[in-house]
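start-v3.pdb follows; it contains PDB, C-alpha atoms.
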ATOM      1  CA  MET A   1     -42.501  16.576  -0.289
ATOM      2  CA  LYS A   2     -41.780  13.321  -2.139
ATOM      3  CA  LYS A   3     -42.067  15.101  -5.487
ATOM      4  CA  SER A   4     -39.562  17.702  -4.307
ATOM      5  CA  GLN A   5     -37.120  14.992  -3.189
ATOM      6  CA  ASN A   6     -37.412  13.220  -6.545
ATOM      7  CA  LEU A   7     -36.724  16.483  -8.380
ATOM      8  CA  LYS A   8     -33.627  17.065  -6.254
ATOM      9  CA  LYS A   9     -32.430  13.542  -6.981
ATOM     10  CA  MET A  10     -32.930  13.814 -10.727
ATOM     11  CA  THR A  11     -31.223  17.214 -10.818
ATOM     12  CA  LEU A  12     -28.220  15.915  -8.892
ATOM     13  CA  PHE A  13     -28.088  12.755 -11.002
ATOM     14  CA  ALA A  14     -28.050  14.889 -14.155
ATOM     15  CA  LEU A  15     -25.226  16.974 -12.663
ATOM     16  CA  PHE A  16     -23.088  13.916 -11.873
ATOM     17  CA  LEU A  17     -23.810  12.506 -15.326
ATOM     18  CA  ALA A  18     -22.743  15.794 -16.923
ATOM     19  CA  ILE A  19     -19.512  15.724 -14.905
ATOM     20  CA  GLU A  20     -18.781  12.225 -16.224
ATOM     21  CA  MET A  21     -19.299  13.395 -19.800
ATOM     22  CA  MET A  22     -17.092  16.434 -19.200
ATOM     23  CA  LEU A  23     -14.322  14.258 -17.762
ATOM     24  CA  LEU A  24     -14.566  11.895 -20.737
ATOM     25  CA  MET A  25     -14.029  14.777 -23.163
ATOM     26  CA  THR A  26     -11.032  16.214 -21.296
ATOM     27  CA  PRO A  27      -7.662  14.740 -20.260
ATOM     28  CA  PHE A  28      -8.819  14.711 -16.622
ATOM     29  CA  GLY A  29     -11.068  11.694 -17.087
ATOM     30  CA  TYR A  30      -8.306   9.258 -17.999
ATOM     31  CA  LEU A  31      -4.776  10.364 -17.116
ATOM     32  CA  ARG A  32      -2.020   8.366 -18.810
ATOM     33  CA  ILE A  33       0.412   7.345 -16.055
ATOM     34  CA  GLY A  34       2.198   4.160 -17.085
ATOM     35  CA  PRO A  35       0.423   1.379 -19.003
ATOM     36  CA  ILE A  36      -2.919   1.916 -17.229
ATOM     37  CA  SER A  37      -4.638   5.288 -16.970
ATOM     38  CA  ALA A  38      -5.368   6.860 -13.632
ATOM     39  CA  THR A  39      -8.925   8.131 -13.563
ATOM     40  CA  LEU A  40     -11.186  10.694 -11.959
ATOM     41  CA  MET A  41     -14.295   9.081 -13.430
ATOM     42  CA  HIS A  42     -14.917   7.174 -10.207
ATOM     43  CA  ILE A  43     -15.658  10.354  -8.241
ATOM     44  CA  PRO A  44     -19.139  11.157  -9.697
ATOM     45  CA  VAL A  45     -20.066   7.483  -9.224
ATOM     46  CA  ILE A  46     -19.124   7.539  -5.544
ATOM     47  CA  LEU A  47     -20.802  10.883  -4.906
ATOM     48  CA  GLY A  48     -23.933   9.750  -6.715
ATOM     49  CA  ALA A  49     -24.124   6.619  -4.575
ATOM     50  CA  ILE A  50     -23.651   8.630  -1.368
ATOM     51  CA  PHE A  51     -26.193  11.331  -2.177
ATOM     52  CA  LEU A  52     -28.721   9.325  -4.182
ATOM     53  CA  GLY A  53     -28.359   5.673  -3.183
ATOM     54  CA  THR A  54     -26.989   2.487  -4.684
ATOM     55  CA  GLY A  55     -29.354   2.427  -7.684
ATOM     56  CA  TYR A  56     -28.206   5.809  -8.959
ATOM     57  CA  GLY A  57     -24.623   4.933  -8.071
ATOM     58  CA  ALA A  58     -24.820   1.736 -10.126
ATOM     59  CA  ALA A  59     -26.296   3.684 -13.073
ATOM     60  CA  LEU A  60     -23.453   6.205 -12.938
ATOM     61  CA  GLY A  61     -21.027   3.294 -12.648
ATOM     62  CA  LEU A  62     -22.492   1.800 -15.810
ATOM     63  CA  VAL A  63     -21.862   5.082 -17.625
ATOM     64  CA  PHE A  64     -18.297   5.059 -16.248
ATOM     65  CA  GLY A  65     -17.812   1.547 -17.613
ATOM     66  CA  ILE A  66     -19.177   2.418 -21.045
ATOM     67  CA  THR A  67     -16.954   5.508 -21.256
ATOM     68  CA  SER A  68     -13.988   3.307 -20.338
ATOM     69  CA  VAL A  69     -14.722   1.104 -23.349
ATOM     70  CA  ILE A  70     -15.123   4.186 -25.562
ATOM     71  CA  ASN A  71     -11.859   5.724 -24.332
ATOM     72  CA  ALA A  72      -9.919   2.488 -24.806
ATOM     73  CA  THR A  73     -11.336   2.092 -28.301
ATOM     74  CA  MET A  74     -10.940   5.662 -29.521
ATOM     75  CA  GLN A  75      -7.590   6.425 -27.846
ATOM     76  CA  PRO A  76      -5.908   3.034 -27.545
ATOM     77  CA  GLY A  77      -2.712   2.473 -25.620
ATOM     78  CA  ILE A  78      -0.580  -0.652 -25.374
ATOM     79  CA  THR A  79      -2.950  -2.276 -22.861
ATOM     80  CA  SER A  80      -6.292  -0.935 -24.105
ATOM     81  CA  PHE A  81      -7.335  -4.410 -25.257
ATOM     82  CA  VAL A  82      -8.120  -5.294 -21.634
ATOM     83  CA  PHE A  83     -10.904  -2.675 -21.631
ATOM     84  CA  SER A  84     -12.237  -2.968 -25.180
ATOM     85  CA  PRO A  85     -13.122  -5.968 -27.349
ATOM     86  CA  PHE A  86     -12.647  -3.748 -30.394
ATOM     87  CA  VAL A  87      -8.901  -3.188 -29.937
ATOM     88  CA  THR A  88      -5.983  -5.282 -31.161
ATOM     89  CA  ILE A  89      -2.473  -4.274 -30.096
ATOM     90  CA  GLY A  90       0.529  -6.237 -31.299
ATOM     91  CA  GLY A  91      -1.578  -9.274 -32.101
ATOM     92  CA  MET A  92      -3.324  -9.191 -28.695
ATOM     93  CA  SER A  93      -7.058  -8.596 -28.911
ATOM     94  CA  GLY A  94      -9.753  -7.785 -26.438
ATOM     95  CA  ASN A  95     -12.807 -10.002 -26.054
ATOM     96  CA  PHE A  96     -16.012 -10.285 -24.041
ATOM     97  CA  MET A  97     -14.018 -10.307 -20.796
ATOM     98  CA  SER A  98     -12.762  -6.839 -21.710
ATOM     99  CA  LEU A  99     -16.345  -5.615 -21.312
ATOM    100  CA  VAL A 100     -16.598  -7.408 -17.969
ATOM    101  CA  ILE A 101     -13.435  -5.685 -16.717
ATOM    102  CA  ALA A 102     -14.536  -2.281 -18.012
ATOM    103  CA  ILE A 103     -18.107  -2.382 -16.731
ATOM    104  CA  VAL A 104     -18.690  -4.770 -13.807
ATOM    105  CA  PRO A 105     -16.246  -3.187 -11.291
ATOM    106  CA  ARG A 106     -17.617   0.260 -12.124
ATOM    107  CA  VAL A 107     -21.225  -0.771 -11.474
ATOM    108  CA  LEU A 108     -20.144  -2.467  -8.243
ATOM    109  CA  LEU A 109     -18.284   0.710  -7.280
ATOM    110  CA  GLY A 110     -21.607   2.533  -7.131
ATOM    111  CA  VAL A 111     -23.216  -0.240  -5.095
ATOM    112  CA  ILE A 112     -20.322  -0.588  -2.638
ATOM    113  CA  SER A 113     -20.071   3.184  -2.091
ATOM    114  CA  GLY A 114     -23.761   3.487  -1.253
ATOM    115  CA  VAL A 115     -23.817   0.460   1.043
ATOM    116  CA  LEU A 116     -20.690   1.538   2.934
ATOM    117  CA  PHE A 117     -22.002   5.070   3.405
ATOM    118  CA  GLN A 118     -25.237   3.749   4.883
ATOM    119  CA  LEU A 119     -23.338   1.443   7.231
ATOM    120  CA  PHE A 120     -20.891   4.091   8.398
ATOM    121  CA  SER A 121     -23.658   6.681   8.829
ATOM    122  CA  ARG A 122     -25.052   4.644  11.702
ATOM    123  CA  LYS A 123     -21.997   5.526  13.791
ATOM    124  CA  TRP A 124     -20.382   8.637  12.298
ATOM    125  CA  LYS A 125     -21.427  11.960  10.819
ATOM    126  CA  SER A 126     -22.026  12.239   7.088
ATOM    127  CA  SER A 127     -18.687  13.812   6.132
ATOM    128  CA  THR A 128     -16.649  11.149   7.947
ATOM    129  CA  SER A 129     -18.847   8.365   6.578
ATOM    130  CA  ALA A 130     -18.531   9.729   3.041
ATOM    131  CA  MET A 131     -14.751  10.016   3.302
ATOM    132  CA  LEU A 132     -14.388   6.421   4.549
ATOM    133  CA  ALA A 133     -16.890   5.033   2.026
ATOM    134  CA  ALA A 134     -15.149   6.817  -0.860
ATOM    135  CA  GLY A 135     -11.700   5.633   0.157
ATOM    136  CA  ILE A 136     -12.649   1.999   0.741
ATOM    137  CA  ALA A 137     -14.833   1.805  -2.376
ATOM    138  CA  THR A 138     -11.978   3.184  -4.486
ATOM    139  CA  VAL A 139      -9.628   0.530  -3.100
ATOM    140  CA  CYS A 140     -12.202  -2.185  -3.889
ATOM    141  CA  HIS A 141     -12.646  -0.819  -7.413
ATOM    142  CA  THR A 142      -8.902  -0.755  -8.087
ATOM    143  CA  ILE A 143      -8.415  -4.292  -6.775
ATOM    144  CA  MET A 144     -11.338  -5.592  -8.846
ATOM    145  CA  VAL A 145     -10.064  -4.030 -12.079
ATOM    146  CA  LEU A 146      -6.438  -5.088 -11.639
ATOM    147  CA  GLY A 147      -7.412  -8.514 -10.323
ATOM    148  CA  MET A 148      -9.595  -9.195 -13.360
ATOM    149  CA  ILE A 149      -6.802  -8.072 -15.679
ATOM    150  CA  VAL A 150      -4.447 -10.586 -14.062
ATOM    151  CA  LEU A 151      -7.108 -13.296 -14.115
ATOM    152  CA  PHE A 152      -8.318 -12.881 -17.700
ATOM    153  CA  PHE A 153      -5.382 -11.280 -19.530
ATOM    154  CA  GLY A 154      -2.333 -12.055 -17.394
ATOM    155  CA  ALA A 155      -0.104 -13.452 -20.146
ATOM    156  CA  ASP A 156      -1.122 -10.926 -22.817
ATOM    157  CA  TYR A 157      -0.837  -7.975 -20.429
ATOM    158  CA  SER A 158       2.633  -9.090 -19.312
ATOM    159  CA  SER A 159       3.707  -9.364 -22.939
ATOM    160  CA  ALA A 160       2.279  -5.946 -23.798
ATOM    161  CA  VAL A 161       4.162  -4.133 -21.021
ATOM    162  CA  GLY A 162       7.310  -6.209 -21.499
ATOM    163  CA  ILE A 163       7.576  -7.974 -18.144
ATOM    164  CA  ALA A 164       7.682 -11.578 -17.019
ATOM    165  CA  GLN A 165       4.282 -12.972 -16.088
ATOM    166  CA  ASN A 166       5.515 -13.970 -12.627
ATOM    167  CA  ALA A 167       6.335 -10.282 -12.008
ATOM    168  CA  LEU A 168       2.843  -9.086 -12.926
ATOM    169  CA  ILE A 169       1.490  -9.103  -9.376
ATOM    170  CA  GLY A 170       4.325  -6.841  -8.291
ATOM    171  CA  VAL A 171       3.561  -4.418 -11.117
ATOM    172  CA  MET A 172      -0.092  -4.337 -10.090
ATOM    173  CA  VAL A 173       0.838  -3.640  -6.466
ATOM    174  CA  TYR A 174       3.053  -0.790  -7.685
ATOM    175  CA  THR A 175       0.122   0.550  -9.718
ATOM    176  CA  VAL A 176      -2.090   0.518  -6.605
ATOM    177  CA  LEU A 177       0.585   2.379  -4.639
ATOM    178  CA  THR A 178       0.964   5.061  -7.318
ATOM    179  CA  ASN A 179      -2.157   5.629  -9.404
ATOM    180  CA  GLY A 180      -4.423   4.048  -6.795
ATOM    181  CA  VAL A 181      -3.316   6.191  -3.866
ATOM    182  CA  MET A 182      -3.954   9.384  -5.840
ATOM    183  CA  GLU A 183      -7.445   8.168  -6.766
ATOM    184  CA  ILE A 184      -8.209   7.231  -3.141
ATOM    185  CA  ILE A 185      -7.088  10.588  -1.735
ATOM    186  CA  ILE A 186      -8.976  12.654  -4.318
ATOM    187  CA  ALA A 187     -12.177  10.623  -3.941
ATOM    188  CA  SER A 188     -12.067  10.796  -0.131
ATOM    189  CA  LEU A 189     -11.458  14.543  -0.043
ATOM    190  CA  CYS A 190     -14.174  15.266  -2.641
ATOM    191  CA  ALA A 191     -16.719  13.144  -0.792
ATOM    192  CA  MET A 192     -15.935  14.734   2.561
ATOM    193  CA  ALA A 193     -15.985  18.278   1.161
ATOM    194  CA  LEU A 194     -19.257  17.892  -0.749
ATOM    195  CA  THR A 195     -21.111  16.290   2.159
ATOM    196  CA  LYS A 196     -20.030  19.167   4.336
ATOM    197  CA  ALA A 197     -21.258  21.669   1.752
ATOM    198  CA  ILE A 198     -24.547  19.875   0.971
ATOM    199  CA  PRO A 199     -26.312  17.879   3.702
ATOM    200  CA  VAL A 200     -26.832  14.392   2.282
ATOM    201  CA  TYR A 201     -30.198  13.906   3.902
ATOM    202  CA  SER A 202     -31.582  17.101   2.395
ATOM    203  CA  ILE A 203     -31.443  15.077  -0.826
ATOM    204  CA  ARG A 204     -32.128  11.598   0.499
ATOM    205  CA  PRO A 205     -33.923  11.402   3.885
ATOM    206  CA  ALA A 206     -32.353   9.008   6.367
ATOM    207  CA  LYS A 207     -34.068   5.681   6.795
ATOM    208  CA  VAL A 208     -35.588   4.921  10.163
ATOM    209  CA  GLN A 209     -33.434   2.304  11.857
TER
END
Please go through the file and, once you have read it, give me the structure as structure tokens.
Amino acid sequence: MKKSQNLKKMTLFALFLAIEMMLLMTPFGYLRIGPISATLMHIPVILGAIFLGTGYGAALGLVFGITSVINATMQPGITSFVFSPFVTIGGMSGNFMSLVIAIVPRVLLGVISGVLFQLFSRKWKSSTSAMLAAGIATVCHTIMVLGMIVLFFGADYSSAVGIAQNALIGVMVYTVLTNGVMEIIIASLCAMALTKAIPVYSIRPAKVQ
């Protein structure tokens, strides 16, 4: 039985990993909307955390983070230096903190998604728990990424997009209300739909409380 569960987990992990690679190689992974790309790369991370647990979710989040660095480096935009230490735009260069912004929130996305799903599952059915976990985790991810950009690259980012630094918070709030809302809705609907189609605990048995 345990061997069968492990095989299911590895198969599903490979599927989510393949989806991440597919998204990276198509325009759907990073959609250019304004200075920062909207993304669908968070969805396999969230689903992996829900179906497989926080460890797998964190691993998928790490892949998400690495692909973010690759995308920013290979297809740079005016603000790509905040995600890649290998990019210089208009005299503004990325550094080690670029890697922190690109990777740490994505790993934490996998952890937060898995933890929230487990907490919500104590009170609600899997589809509702998955929808709530996906939505909240996406909000946390967006806030972490944008917050780190303001913290580590506030002046350079403001200069790159041509706004006053004291207006940067407003721009970030606008980004959350545009790009972020789309990401939240898509992640929530995907999580709810997949958990209805595939029982979570056929992959990962529920823990005895």
Q: Return as an NGL selection string the set of residues that the PyMOL selection byres ((chain A and resi 158) around 12) yields on the displayed structure.
A: :A and (35 or 78-79 or 82 or 92 or 149-157 or 159-172)
Q) Neighbours of Val69 of chain A within 7 Å (all atoms listed in the file; same-chain residues fewer than 3 positions away dropped), as an NGL selection string? A) :A and (65-66 or 72-73 or 83-84 or 102)
(Q) Using Å and a single decimal, report how far atom CA of Phe96 of chain A sits from atom CA of Pro44 of chain A. (A)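 The value is 26.0 Å.
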Q: Determine, counting all atoms listed in the file, which protein, DNA and RNA residues have an atom within 6 Å of an atom of segment 109-117 of chain A; residues of the same chain fewer than 6 positions away are not included. Present the result as a list in words.
A: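 My reading of the contact set: Val45, Ile46, Ala49, Ile50, Gly53, Thr54, Gly57, Ala58, Gly61, Ser129, Ala130, Ala133, Ala137 and His141 of chain A.
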Q: With a distance cut-off of 12 Å and all atoms listed in the file, select the neighbouring residues of segment 5-18 of chain A, excluding the residue or stretch itself and same-chain residues fewer than 5 positions from it, and output the selection as a ChimeraX atom specification.
A: /A:23-25,41-53,55-64,67,198,200-205
All file atoms of segment 96-108 of chain A boxed axis-aligned, 4 Å per side, centre plus edges, as JSON:
{"center_x": -17.0, "center_y": -5.0, "center_z": -16.1, "size_x": 16.5, "size_y": 18.6, "size_z": 23.8}
Q) So how far away is atom CA of Thr175 of chain A from atom CA of Cys140 of chain A, in Å? A)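 Straight-line distance from atom CA of Cys140 of chain A to atom CA of Thr175 of chain A works out to 13.9 Å.
Going from atom CA of Phe81 of chain A to atom CA of Ile103 of chain A covers 13.9 Å.
Using all atoms listed in the file, the nearest neighbour of Val100 of chain A within the list A:Leu177, A:Ile186, A:Leu194, A:Met148 is A:Met148.
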Q: Give the answer as one residue: which of A:Gly91, A:Pro76, A:Gly135, A:Pro85 has the shortest atom-to-atom distance to Glu183 of chain A, using all atoms listed in the file?
A: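 Using all atoms listed in the file, the shortest distance to Glu183 of chain A belongs to A:Gly135.
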(Q) With distances taken over all atoms listed in the file, which residue among A:Ser80, A:Leu108, A:Ala134, A:Met22 lies nearest Ile185 of chain A? (A)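 Among the listed residues, the smallest separation from Ile185 of chain A belongs to A:Ala134.
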Q: Do a neighbour search on Val173 of chain A at 12 Å with only C-alpha atoms, toss out local chain neighbours closer than 6 positions, and write the hits as a ChimeraX atom specification.
A: /A:139,142-143,146-147,150,167,179-181
